[in-house]
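> Sharing query-v6.cif below, mmCIF, C-alpha atoms:
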```cif
data_entry
loop_
_atom_site.group_PDB
_atom_site.id
_atom_site.type_symbol
_atom_site.label_atom_id
_atom_site.label_comp_id
_atom_site.auth_asym_id
_atom_site.auth_seq_id
_atom_site.Cartn_x
_atom_site.Cartn_y
_atom_site.Cartn_z
ATOM 1 C CA MET A 217 120.557 -48.583 0.579
ATOM 2 C CA LYS A 218 117.673 -47.469 -1.570
ATOM 3 C CA ILE A 219 114.516 -49.533 -1.237
ATOM 4 C CA GLY A 220 111.213 -48.222 -2.445
ATOM 5 C CA ARG A 221 110.918 -44.483 -1.960
ATOM 6 C CA ILE A 222 113.679 -43.666 0.562
ATOM 7 C CA GLU A 223 117.276 -44.538 1.339
ATOM 8 C CA VAL A 224 118.305 -46.534 4.368
ATOM 9 C CA ALA A 225 121.932 -46.647 5.430
ATOM 10 C CA ASP A 226 122.982 -49.922 6.980
ATOM 11 C CA LYS A 227 125.704 -48.719 9.333
ATOM 12 C CA LYS A 228 126.639 -52.215 10.536
ATOM 13 C CA THR A 229 127.195 -53.905 7.184
ATOM 14 C CA GLY A 230 127.148 -51.168 4.559
ATOM 15 C CA VAL A 231 125.082 -53.520 2.421
ATOM 16 C CA GLY A 232 123.436 -51.824 -0.579
ATOM 17 C CA ILE A 233 121.177 -52.891 -3.418
ATOM 18 C CA ALA A 234 124.086 -53.941 -5.639
ATOM 19 C CA SER A 235 125.472 -56.090 -2.820
ATOM 20 C CA LEU A 236 122.095 -57.711 -2.209
ATOM 21 C CA ALA A 237 121.771 -58.552 -5.907
ATOM 22 C CA LYS A 238 125.267 -60.026 -5.901
ATOM 23 C CA MET A 239 124.465 -62.156 -2.850
ATOM 24 C CA ARG A 240 121.310 -63.482 -4.519
ATOM 25 C CA ALA A 241 123.232 -64.360 -7.660
ATOM 26 C CA GLY A 242 125.753 -66.249 -5.534
ATOM 27 C CA TYR A 243 123.047 -68.237 -3.760
ATOM 28 C CA ALA A 244 121.373 -69.025 -7.087
ATOM 29 C CA GLU A 245 124.590 -70.665 -8.326
ATOM 30 C CA ARG A 246 124.968 -72.945 -5.328
ATOM 31 C CA THR A 247 124.068 -76.612 -5.413
ATOM 32 C CA SER A 248 120.945 -77.273 -3.405
ATOM 33 C CA VAL A 249 120.120 -80.464 -1.517
ATOM 34 C CA GLY A 250 116.614 -79.877 -2.836
ATOM 35 C CA GLU A 251 115.297 -79.512 -6.360
ATOM 36 C CA ARG A 252 115.434 -76.061 -7.911
ATOM 37 C CA PHE A 253 112.277 -75.079 -9.751
ATOM 38 C CA SER A 254 110.635 -71.895 -11.024
ATOM 39 C CA VAL A 255 106.901 -71.699 -10.452
ATOM 40 C CA PRO A 256 105.149 -70.179 -13.487
ATOM 41 C CA ARG A 257 102.643 -67.433 -12.694
ATOM 42 C CA GLY A 258 101.319 -66.388 -16.104
ATOM 43 C CA ASP A 259 100.005 -62.932 -17.025
ATOM 44 C CA SER A 260 103.588 -61.883 -17.837
ATOM 45 C CA LYS A 261 104.515 -62.137 -14.139
ATOM 46 C CA GLU A 262 108.001 -63.333 -13.277
ATOM 47 C CA ASN A 263 108.336 -66.942 -12.182
ATOM 48 C CA VAL A 264 108.973 -67.630 -8.499
ATOM 49 C CA PRO A 265 112.094 -69.668 -7.642
ATOM 50 C CA VAL A 266 111.563 -72.458 -5.102
ATOM 51 C CA LEU A 267 113.547 -75.318 -3.615
ATOM 52 C CA ILE A 268 111.703 -78.625 -3.181
ATOM 53 C CA TYR A 269 112.601 -81.237 -0.557
ATOM 54 C CA ARG A 270 111.299 -84.774 -0.149
ATOM 55 C CA PRO A 271 112.028 -87.486 2.425
ATOM 56 C CA GLU A 272 114.749 -89.877 1.333
ATOM 57 C CA LYS A 273 112.549 -92.894 1.963
ATOM 58 C CA LYS A 274 110.120 -93.360 -0.894
ATOM 59 C CA ASN A 275 106.489 -93.260 0.139
ATOM 60 C CA ALA A 276 103.762 -94.865 -1.947
ATOM 61 C CA GLU A 277 101.133 -92.645 -0.350
ATOM 62 C CA LYS A 278 100.635 -88.985 -1.140
ATOM 63 C CA LEU A 279 102.403 -86.689 1.277
ATOM 64 C CA PRO A 280 101.284 -83.446 2.889
ATOM 65 C CA VAL A 281 103.069 -80.316 1.712
ATOM 66 C CA PHE A 282 104.589 -77.462 3.706
ATOM 67 C CA PHE A 283 105.478 -74.085 2.167
ATOM 68 C CA ASN A 284 108.298 -72.175 3.878
ATOM 69 C CA MET A 285 109.341 -68.498 3.773
ATOM 70 C CA HIS A 286 112.648 -67.288 5.209
ATOM 71 C CA GLY A 287 113.106 -64.008 7.069
ATOM 72 C CA GLY A 288 115.327 -61.025 6.334
ATOM 73 C CA ALA A 289 113.271 -57.822 6.703
ATOM 74 C CA TRP A 290 111.784 -58.380 3.204
ATOM 75 C CA VAL A 291 115.065 -57.398 1.520
ATOM 76 C CA ALA A 292 117.753 -59.847 2.657
ATOM 77 C CA GLY A 293 118.326 -63.545 3.173
ATOM 78 C CA ASP A 294 117.749 -66.455 0.836
ATOM 79 C CA ALA A 295 115.875 -69.750 0.852
ATOM 80 C CA MET A 296 119.248 -71.548 0.730
ATOM 81 C CA MET A 297 119.872 -70.448 4.326
ATOM 82 C CA MET A 298 116.973 -72.667 5.487
ATOM 83 C CA GLU A 299 117.815 -75.821 3.552
ATOM 84 C CA SER A 300 118.641 -77.999 6.553
ATOM 85 C CA PHE A 301 115.491 -76.852 8.381
ATOM 86 C CA CYS A 302 113.325 -77.704 5.365
ATOM 87 C CA GLN A 303 114.995 -81.081 4.885
ATOM 88 C CA LEU A 304 114.482 -81.803 8.589
ATOM 89 C CA LEU A 305 110.741 -81.188 8.208
ATOM 90 C CA ALA A 306 110.603 -83.261 5.021
ATOM 91 C CA GLU A 307 112.197 -86.247 6.765
ATOM 92 C CA SER A 308 110.532 -85.904 10.151
ATOM 93 C CA VAL A 309 106.876 -85.253 9.298
ATOM 94 C CA PRO A 310 107.276 -86.661 6.519
ATOM 95 C CA ALA A 311 106.185 -84.131 3.885
ATOM 96 C CA VAL A 312 107.106 -82.441 0.650
ATOM 97 C CA VAL A 313 108.552 -79.049 1.577
ATOM 98 C CA VAL A 314 108.513 -76.132 -0.856
ATOM 99 C CA ASN A 315 111.000 -73.443 0.199
ATOM 100 C CA ILE A 316 109.824 -70.248 -1.525
ATOM 101 C CA ASN A 317 112.549 -67.791 -2.534
ATOM 102 C CA TYR A 318 110.184 -64.857 -2.944
ATOM 103 C CA HIS A 319 111.400 -61.711 -4.691
ATOM 104 C CA LYS A 320 112.586 -59.047 -2.283
ATOM 105 C CA ALA A 321 111.222 -55.577 -1.599
ATOM 106 C CA ASP A 322 113.882 -53.785 -3.629
ATOM 107 C CA VAL A 323 112.559 -55.705 -6.658
ATOM 108 C CA ILE A 324 108.803 -55.851 -5.999
ATOM 109 C CA PRO A 325 106.648 -53.919 -3.496
ATOM 110 C CA LEU A 326 104.817 -55.369 -0.532
ATOM 111 C CA PRO A 327 102.466 -57.234 -0.542
ATOM 112 C CA GLU A 328 103.442 -58.815 -3.858
ATOM 113 C CA MET A 329 105.447 -61.468 -1.973
ATOM 114 C CA SER A 330 102.248 -62.943 -0.532
ATOM 115 C CA ALA A 331 100.745 -62.935 -4.036
ATOM 116 C CA GLU A 332 103.784 -64.910 -5.215
ATOM 117 C CA ALA A 333 103.397 -67.376 -2.354
ATOM 118 C CA CYS A 334 99.688 -67.687 -3.049
ATOM 119 C CA ASP A 335 100.415 -68.554 -6.675
ATOM 120 C CA CYS A 336 102.996 -71.125 -5.552
ATOM 121 C CA VAL A 337 100.441 -72.851 -3.327
ATOM 122 C CA ARG A 338 97.871 -72.827 -6.111
ATOM 123 C CA TYR A 339 100.403 -74.256 -8.587
ATOM 124 C CA PHE A 340 101.400 -77.201 -6.406
ATOM 125 C CA ALA A 341 97.794 -77.822 -5.388
ATOM 126 C CA GLY A 342 96.948 -77.995 -9.096
ATOM 127 C CA HIS A 343 99.869 -80.358 -9.830
ATOM 128 C CA ALA A 344 99.376 -82.593 -6.798
ATOM 129 C CA GLU A 345 99.540 -85.856 -8.756
ATOM 130 C CA GLU A 346 102.816 -84.879 -10.384
ATOM 131 C CA TYR A 347 104.479 -84.133 -7.042
ATOM 132 C CA GLY A 348 102.842 -86.867 -4.986
ATOM 133 C CA ILE A 349 101.089 -84.298 -2.837
ATOM 134 C CA ASP A 350 97.810 -84.552 -0.966
ATOM 135 C CA ASN A 351 96.400 -81.073 -1.617
ATOM 136 C CA SER A 352 93.900 -81.475 1.198
ATOM 137 C CA ARG A 353 96.823 -81.411 3.650
ATOM 138 C CA MET A 354 98.738 -78.205 2.981
ATOM 139 C CA ALA A 355 100.463 -75.986 5.538
ATOM 140 C CA ILE A 356 102.463 -72.768 5.273
ATOM 141 C CA GLY A 357 104.875 -70.928 7.513
ATOM 142 C CA GLY A 358 107.615 -68.387 7.837
ATOM 143 C CA HIS A 359 110.031 -66.625 10.133
ATOM 144 C CA SER A 360 109.873 -62.905 10.986
ATOM 145 C CA ALA A 361 109.249 -61.116 7.664
ATOM 146 C CA GLY A 362 108.598 -64.564 6.203
ATOM 147 C CA ALA A 363 105.887 -65.047 8.830
ATOM 148 C CA ASN A 364 104.371 -61.738 7.721
ATOM 149 C CA ILE A 365 104.245 -63.086 4.175
ATOM 150 C CA ALA A 366 102.824 -66.432 5.347
ATOM 151 C CA ALA A 367 100.028 -64.780 7.360
ATOM 152 C CA GLY A 368 99.153 -62.537 4.415
ATOM 153 C CA THR A 369 99.196 -65.548 2.094
ATOM 154 C CA VAL A 370 96.737 -67.452 4.300
ATOM 155 C CA LEU A 371 94.328 -64.526 4.027
ATOM 156 C CA ARG A 372 94.773 -64.409 0.236
ATOM 157 C CA LEU A 373 94.225 -68.142 -0.113
ATOM 158 C CA LYS A 374 91.065 -67.952 1.960
ATOM 159 C CA GLU A 375 89.774 -65.288 -0.443
ATOM 160 C CA CYS A 376 90.512 -67.712 -3.313
ATOM 161 C CA GLY A 377 88.617 -70.523 -1.589
ATOM 162 C CA ILE A 378 91.739 -72.478 -0.621
ATOM 163 C CA ASP A 379 91.897 -73.653 2.988
ATOM 164 C CA MET A 380 95.253 -74.477 4.529
ATOM 165 C CA LYS A 381 95.480 -76.975 7.369
ATOM 166 C CA LEU A 382 97.993 -74.971 9.405
ATOM 167 C CA GLN A 383 99.986 -71.720 9.457
ATOM 168 C CA ILE A 384 103.282 -71.498 11.347
ATOM 169 C CA LEU A 385 104.342 -67.991 12.355
ATOM 170 C CA VAL A 386 107.752 -67.857 14.011
ATOM 171 C CA TYR A 387 108.438 -64.504 15.752
ATOM 172 C CA PRO A 388 106.068 -62.871 13.262
ATOM 173 C CA CYS A 389 105.804 -59.259 12.188
ATOM 174 C CA VAL A 390 102.066 -58.978 11.517
ATOM 175 C CA ASP A 391 101.279 -55.289 12.101
ATOM 176 C CA LEU A 392 103.227 -52.732 10.094
ATOM 177 C CA ARG A 393 101.244 -49.719 11.283
ATOM 178 C CA PRO A 394 103.412 -47.100 13.080
ATOM 179 C CA GLU A 395 101.699 -47.384 16.460
ATOM 180 C CA ALA A 396 102.571 -51.097 16.617
ATOM 181 C CA ASN A 397 106.321 -50.701 16.169
ATOM 182 C CA CYS A 398 109.424 -49.088 17.615
ATOM 183 C CA GLY A 399 111.515 -46.466 15.840
ATOM 184 C CA TRP A 400 113.960 -48.730 14.029
ATOM 185 C CA MET A 401 111.159 -51.030 12.843
ATOM 186 C CA ASN A 402 109.191 -48.093 11.480
ATOM 187 C CA MET A 403 112.292 -46.963 9.602
ATOM 188 C CA VAL A 404 112.602 -50.399 7.974
ATOM 189 C CA ILE A 405 108.870 -50.554 7.252
ATOM 190 C CA SER A 406 108.779 -47.106 5.694
ATOM 191 C CA SER A 407 111.511 -48.200 3.305
ATOM 192 C CA VAL A 408 109.740 -51.297 2.003
ATOM 193 C CA VAL A 409 106.008 -50.505 2.046
ATOM 194 C CA PRO A 410 104.420 -48.202 -0.545
ATOM 195 C CA GLU A 411 103.038 -45.089 1.123
ATOM 196 C CA GLY A 412 99.406 -45.347 2.224
ATOM 197 C CA HIS A 413 99.254 -49.159 2.208
ATOM 198 C CA LEU A 414 99.982 -50.067 5.836
ATOM 199 C CA GLU A 415 96.303 -50.780 6.552
ATOM 200 C CA GLU A 416 96.062 -53.484 3.886
ATOM 201 C CA CYS A 417 95.484 -56.872 5.493
ATOM 202 C CA HIS A 418 97.976 -58.615 3.199
ATOM 203 C CA ILE A 419 100.643 -56.227 4.545
ATOM 204 C CA SER A 420 99.346 -55.952 8.124
ATOM 205 C CA PRO A 421 97.319 -59.097 8.904
ATOM 206 C CA MET A 422 96.350 -57.544 12.246
ATOM 207 C CA ALA A 423 94.396 -54.956 10.236
ATOM 208 C CA ALA A 424 92.138 -57.636 8.731
ATOM 209 C CA GLU A 425 88.434 -57.503 9.542
ATOM 210 C CA ASP A 426 87.024 -60.030 11.997
ATOM 211 C CA GLU A 427 85.134 -61.723 9.161
ATOM 212 C CA GLN A 428 88.433 -62.289 7.351
ATOM 213 C CA ILE A 429 90.044 -63.764 10.463
ATOM 214 C CA LYS A 430 87.175 -66.109 11.343
ATOM 215 C CA ALA A 431 87.480 -69.653 10.038
ATOM 216 C CA LEU A 432 91.192 -69.312 9.215
ATOM 217 C CA CYS A 433 93.265 -72.440 9.672
ATOM 218 C CA PRO A 434 94.883 -73.179 13.056
ATOM 219 C CA ALA A 435 98.040 -71.216 13.800
ATOM 220 C CA VAL A 436 101.331 -72.056 15.463
ATOM 221 C CA ILE A 437 102.905 -68.911 16.909
ATOM 222 C CA VAL A 438 106.406 -68.744 18.393
ATOM 223 C CA ALA A 439 107.493 -65.724 20.442
ATOM 224 C CA CYS A 440 110.880 -64.697 21.827
ATOM 225 C CA GLY A 441 111.196 -62.983 25.192
ATOM 226 C CA ARG A 442 114.092 -60.854 23.907
ATOM 227 C CA ASP A 443 112.382 -59.444 20.844
ATOM 228 C CA ASP A 444 110.783 -56.150 19.856
ATOM 229 C CA LEU A 445 108.312 -58.215 17.821
ATOM 230 C CA LYS A 446 107.027 -60.159 20.826
ATOM 231 C CA PRO A 447 103.867 -57.962 21.062
ATOM 232 C CA HIS A 448 103.054 -58.920 17.458
ATOM 233 C CA ALA A 449 103.025 -62.615 18.386
ATOM 234 C CA LEU A 450 100.956 -62.043 21.525
ATOM 235 C CA ASN A 451 98.445 -59.697 19.898
ATOM 236 C CA TYR A 452 97.908 -61.822 16.803
ATOM 237 C CA ALA A 453 97.471 -64.967 18.886
ATOM 238 C CA LYS A 454 94.791 -63.191 20.935
ATOM 239 C CA ARG A 455 93.130 -61.835 17.786
ATOM 240 C CA LEU A 456 92.920 -65.300 16.270
ATOM 241 C CA ILE A 457 91.646 -66.893 19.473
ATOM 242 C CA ASP A 458 89.010 -64.172 19.907
ATOM 243 C CA ASN A 459 87.750 -65.078 16.442
ATOM 244 C CA GLY A 460 87.539 -68.800 17.112
ATOM 245 C CA VAL A 461 90.833 -69.868 15.508
ATOM 246 C CA ASN A 462 92.772 -72.627 17.244
ATOM 247 C CA VAL A 463 96.235 -71.392 18.276
ATOM 248 C CA TYR A 464 99.306 -73.303 19.436
ATOM 249 C CA PHE A 465 101.446 -70.737 21.258
ATOM 250 C CA ARG A 466 104.913 -71.065 22.716
ATOM 251 C CA GLU A 467 107.225 -68.376 24.090
ATOM 252 C CA TYR A 468 110.940 -68.868 24.675
ATOM 253 C CA GLU A 469 111.574 -66.375 27.441
ATOM 254 C CA HIS A 470 115.320 -66.014 26.928
ATOM 255 C CA ALA A 471 115.433 -66.610 23.178
ATOM 256 C CA GLU A 472 116.550 -63.916 20.753
ATOM 257 C CA HIS A 473 114.879 -62.992 17.494
ATOM 258 C CA GLY A 474 116.110 -65.298 14.750
ATOM 259 C CA PHE A 475 117.264 -68.056 17.117
ATOM 260 C CA LEU A 476 115.678 -70.816 15.051
ATOM 261 C CA GLU A 477 117.355 -69.919 11.739
ATOM 262 C CA VAL A 478 120.767 -68.807 12.938
ATOM 263 C CA ASN A 479 121.392 -72.009 14.893
ATOM 264 C CA ARG A 480 121.245 -74.160 11.776
ATOM 265 C CA PRO A 481 124.449 -75.282 9.944
ATOM 266 C CA ASP A 482 123.584 -73.421 6.727
ATOM 267 C CA TYR A 483 123.092 -69.974 8.287
ATOM 268 C CA GLU A 484 125.486 -67.183 7.351
ATOM 269 C CA PRO A 485 127.452 -65.484 8.766
ATOM 270 C CA SER A 486 128.668 -68.152 11.177
ATOM 271 C CA THR A 487 130.006 -65.384 13.432
ATOM 272 C CA ASP A 488 126.487 -64.213 14.365
ATOM 273 C CA GLY A 489 126.401 -63.631 18.123
ATOM 274 C CA ARG A 490 123.107 -65.479 18.468
ATOM 275 C CA ILE A 491 124.810 -68.729 17.521
ATOM 276 C CA ASN A 492 125.552 -70.303 20.885
ATOM 277 C CA ALA A 493 124.662 -73.320 23.024
ATOM 278 C CA GLU A 494 121.788 -71.620 24.851
ATOM 279 C CA GLN A 495 120.034 -70.345 21.741
ATOM 280 C CA GLY A 496 120.813 -73.607 19.946
ATOM 281 C CA ALA A 497 119.054 -75.576 22.693
ATOM 282 C CA TYR A 498 115.960 -73.415 22.271
ATOM 283 C CA ALA A 499 116.142 -74.003 18.514
ATOM 284 C CA ARG A 500 116.277 -77.802 18.878
ATOM 285 C CA ASP A 501 113.333 -77.764 21.284
ATOM 286 C CA CYS A 502 111.327 -75.518 18.980
ATOM 287 C CA GLU A 503 112.053 -77.680 15.933
ATOM 288 C CA GLN A 504 110.758 -80.788 17.668
ATOM 289 C CA TRP A 505 107.646 -78.949 18.845
ATOM 290 C CA LEU A 506 106.918 -77.681 15.316
ATOM 291 C CA ILE A 507 107.347 -81.200 13.933
ATOM 292 C CA LYS A 508 104.979 -82.567 16.579
ATOM 293 C CA VAL A 509 102.288 -80.006 15.709
ATOM 294 C CA LEU A 510 102.733 -80.559 11.968
ATOM 295 C CA LYS A 511 102.269 -84.287 12.491
ATOM 296 C CA SER A 512 99.148 -83.741 14.596
ATOM 297 C CA GLU A 513 97.543 -81.458 12.004
ATOM 298 C CA LEU A 514 98.696 -83.072 8.755
ATOM 299 C CA LEU A 515 98.819 -86.801 9.430
ATOM 300 C CA GLU A 516 95.443 -88.414 9.957
ATOM 301 C CA GLU A 517 96.853 -91.504 11.640
ATOM 302 C CA VAL A 518 98.390 -89.639 14.581
ATOM 303 C CA LYS A 519 95.217 -87.760 15.537
#
```
Show how you would write the structure in this file as structure tokens.

Amino acid sequence: MKIGRIEVADKKTGVGIASLAKMRAGYAERTSVGERFSVPRGDSKENVPVLIYRPEKKNAEKLPVFFNMHGGAWVAGDAMMMESFCQLLAESVPAVVVNINYHKADVIPLPEMSAEACDCVRYFAGHAEEYGIDNSRMAIGGHSAGANIAAGTVLRLKECGIDMKLQILVYPCVDLRPEANCGWMNMVISSVVPEGHLEECHISPMAAEDEQIKALCPAVIVACGRDDLKPHALNYAKRLIDNGVNVYFREYEHAEHGFLEVNRPDYEPSTDGRINAEQGAYARDCEQWLIKVLKSELLEEVK
């Protein structure tokens, strides 16, 4: 499949650009349990599609807001595949959850996804009254490539003077420089990142200067024992801690990359080998831990 400047052959699935576009079109036609909305960006930039979830029980008070980014190596996946996870957070925290369906790397180059997410946060912060949101209690998170986008977005928002309350990075990929990755990861990275940009902090948050890292919001970092990206989670957690950032860290020693998403009812394909009782148990434990931390950081009354 051709992404950016080179071609990558997916030997397992044979998925190409045309197939990815067709999949996205199919997801876009599905009925969502959330509210579909396109966030306007202005300056002739394309709107960003999002799905919005609220708790079923009406709340007279303003709610915190959580922005979510799915994984998929920057080219695959869809926000629809994380609907039940987002609705779970909306009900359990409770919060308004904005599930960002960022444009993929075959459509826009990295790090434009974090610019899209940044604009989404700024839009909802600016329309807080309309959505019943408390824009002083905003959090953001993602899984894998989505965690890369979330970490880059937090840095962008800080540059804009917007402080988030929490960032959740689930098995994150936060360093796209060659020395930080194995062969297959570098092949993927080389296909989605414009040449000469790997040192940019919005692409590789680990490459950020200490002054950019200091005073960032607290971070939740989840690592899997069976994951080539585990060093990313460990190294970024240490980097944040060394710069005075509060970090909640949890490693699931026998968990596999993607365990949290794939063990949800809306994940496809249902034949994924990571969908099993063991990985599902890790997923349920992790979900409850994330909810607990979100409550502790976003809800004043539980502190």
> Taking 4 positions as the minimum chain separation for residues in the same chain, which residues sit within 9 Å of segment 315-325 of chain A when counting all atoms listed in the file? Answer as a ChimeraX atom specification.
/A:218-220,233,264-269,282-286,289-292,294-296,298-299,302,329-330,332-333,336,407-410
> So how far away is atom CA of Lys274 of chain A from atom CA of Cys433 of chain A, in Å?
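Computing the Euclidean distance for atom CA of Cys433 of chain A and atom CA of Lys274 of chain A yields 28.9 Å.
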> Please determine an axis-aligned box that encloses all atoms of segment 370-378 of chain A listed in the file, with 8 Å added on each side, and express its centre and edge lengths in Å to one decimal as lines of an AutoDock Vina configuration file.

```
center_x = 92.7
center_y = -68.4
center_z = 0.5
size_x = 24.1
size_y = 24.1
size_z = 23.6
```
> When you draw a straight line from atom CA of Pro327 of chain A to atom CA of Leu514 of chain A, how long is it in Å?
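Answer for the atom CA of Pro327 of chain A to atom CA of Leu514 of chain A separation: 27.7 Å.
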> Could you tell me, as an MDAnalysis selection string, exactly which residues end up selected when the PyMOL selection byres ((chain A and resi 400) around 12) is applied to this structure?
chainID A and resid 224:226 289 394 396:399 401:407 444:445
> Starting from the shown file, work through the PyMOL selection byres ((chain A and resi 416) around 12) and note down what comes out as a PDB file with C-alpha atoms, keeping the file's coordinate frame.

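Generated file (result21.pdb):
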```pdb
ATOM      1  CA  LEU A 326     104.817 -55.369  -0.532  1.00  0.00           C
ATOM      2  CA  PRO A 327     102.466 -57.234  -0.542  1.00  0.00           C
ATOM      3  CA  GLU A 328     103.442 -58.815  -3.858  1.00  0.00           C
ATOM      4  CA  GLY A 368      99.153 -62.537   4.415  1.00  0.00           C
ATOM      5  CA  LEU A 371      94.328 -64.526   4.027  1.00  0.00           C
ATOM      6  CA  ARG A 372      94.773 -64.409   0.236  1.00  0.00           C
ATOM      7  CA  VAL A 390     102.066 -58.978  11.517  1.00  0.00           C
ATOM      8  CA  ASP A 391     101.279 -55.289  12.101  1.00  0.00           C
ATOM      9  CA  LEU A 392     103.227 -52.732  10.094  1.00  0.00           C
ATOM     10  CA  ARG A 393     101.244 -49.719  11.283  1.00  0.00           C
ATOM     11  CA  VAL A 409     106.008 -50.505   2.046  1.00  0.00           C
ATOM     12  CA  PRO A 410     104.420 -48.202  -0.545  1.00  0.00           C
ATOM     13  CA  GLU A 411     103.038 -45.089   1.123  1.00  0.00           C
ATOM     14  CA  GLY A 412      99.406 -45.347   2.224  1.00  0.00           C
ATOM     15  CA  HIS A 413      99.254 -49.159   2.208  1.00  0.00           C
ATOM     16  CA  LEU A 414      99.982 -50.067   5.836  1.00  0.00           C
ATOM     17  CA  GLU A 415      96.303 -50.780   6.552  1.00  0.00           C
ATOM     18  CA  CYS A 417      95.484 -56.872   5.493  1.00  0.00           C
ATOM     19  CA  HIS A 418      97.976 -58.615   3.199  1.00  0.00           C
ATOM     20  CA  ILE A 419     100.643 -56.227   4.545  1.00  0.00           C
ATOM     21  CA  SER A 420      99.346 -55.952   8.124  1.00  0.00           C
ATOM     22  CA  PRO A 421      97.319 -59.097   8.904  1.00  0.00           C
ATOM     23  CA  MET A 422      96.350 -57.544  12.246  1.00  0.00           C
ATOM     24  CA  ALA A 423      94.396 -54.956  10.236  1.00  0.00           C
ATOM     25  CA  ALA A 424      92.138 -57.636   8.731  1.00  0.00           C
ATOM     26  CA  GLU A 425      88.434 -57.503   9.542  1.00  0.00           C
TER      27      GLU A 425
END
```
> Give me the residues near segment 342-349 of chain A as a JSON list (two decimals) with C-alpha atoms, in the coordinates of the input, where near means some atom within 8 Å (using only C-alpha atoms) and where sequence neighbours in that chain fewer than 6 positions away do not count.

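Output below, filename around.json:
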```json
[["chain", "number", "residue", "atom", "x", "y", "z"],
["A", 277, "GLU", "CA", 101.13, -92.64, -0.35],
["A", 278, "LYS", "CA", 100.64, -88.98, -1.14],
["A", 279, "LEU", "CA", 102.40, -86.69, 1.28],
["A", 280, "PRO", "CA", 101.28, -83.45, 2.89],
["A", 281, "VAL", "CA", 103.07, -80.32, 1.71],
["A", 312, "VAL", "CA", 107.11, -82.44, 0.65]]
```
> I want to know what sits within 7 Å of segment 453-468 of chain A, based on all atoms listed in the file, with residues of the same chain fewer than 3 positions away left out; could you give that as a count of residues only?
17
> Pick from A:Glu503, A:Arg270, A:Phe340, A:Glu484: nearest to Met239 of chain A, with only C-alpha atoms counted?
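Closest to Met239 of chain A of all the choices is A:Glu484.
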> Mind pulling up the distance from atom CA of Met354 of chain A to atom CA of Ser512 of chain A?
12.9 Å
> Smallest atom-to-atom distance to Leu515 of chain A: which of A:Thr247, A:Ser300, A:Ser235, A:Ser308, using only C-alpha atoms?
A:Ser308
> So that I can check the surroundings of Phe301 of chain A, please list as a PyMOL selection string every protein, DNA and RNA residue that reaches within 8 Å of it, counting only C-alpha atoms and ignoring chain neighbours fewer than 3 positions away.
chain A and resi 298+304-305+477+480
> Please write the residues from the selection above to a file, keeping C-alpha atoms, as a PDB file, in the frame of the given file.

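File written: result_25.pdb
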```
ATOM      1  CA  MET A 298     116.973 -72.667   5.487  1.00  0.00           C
ATOM      2  CA  LEU A 304     114.482 -81.803   8.589  1.00  0.00           C
ATOM      3  CA  LEU A 305     110.741 -81.188   8.208  1.00  0.00           C
ATOM      4  CA  GLU A 477     117.355 -69.919  11.739  1.00  0.00           C
ATOM      5  CA  ARG A 480     121.245 -74.160  11.776  1.00  0.00           C
TER       6      ARG A 480
END
```
> Under the PyMOL selection byres ((chain A and resi 271) around 6), which residues of this model are included? Write them out as a ChimeraX atom specification.
/A:270,272-273,306-307
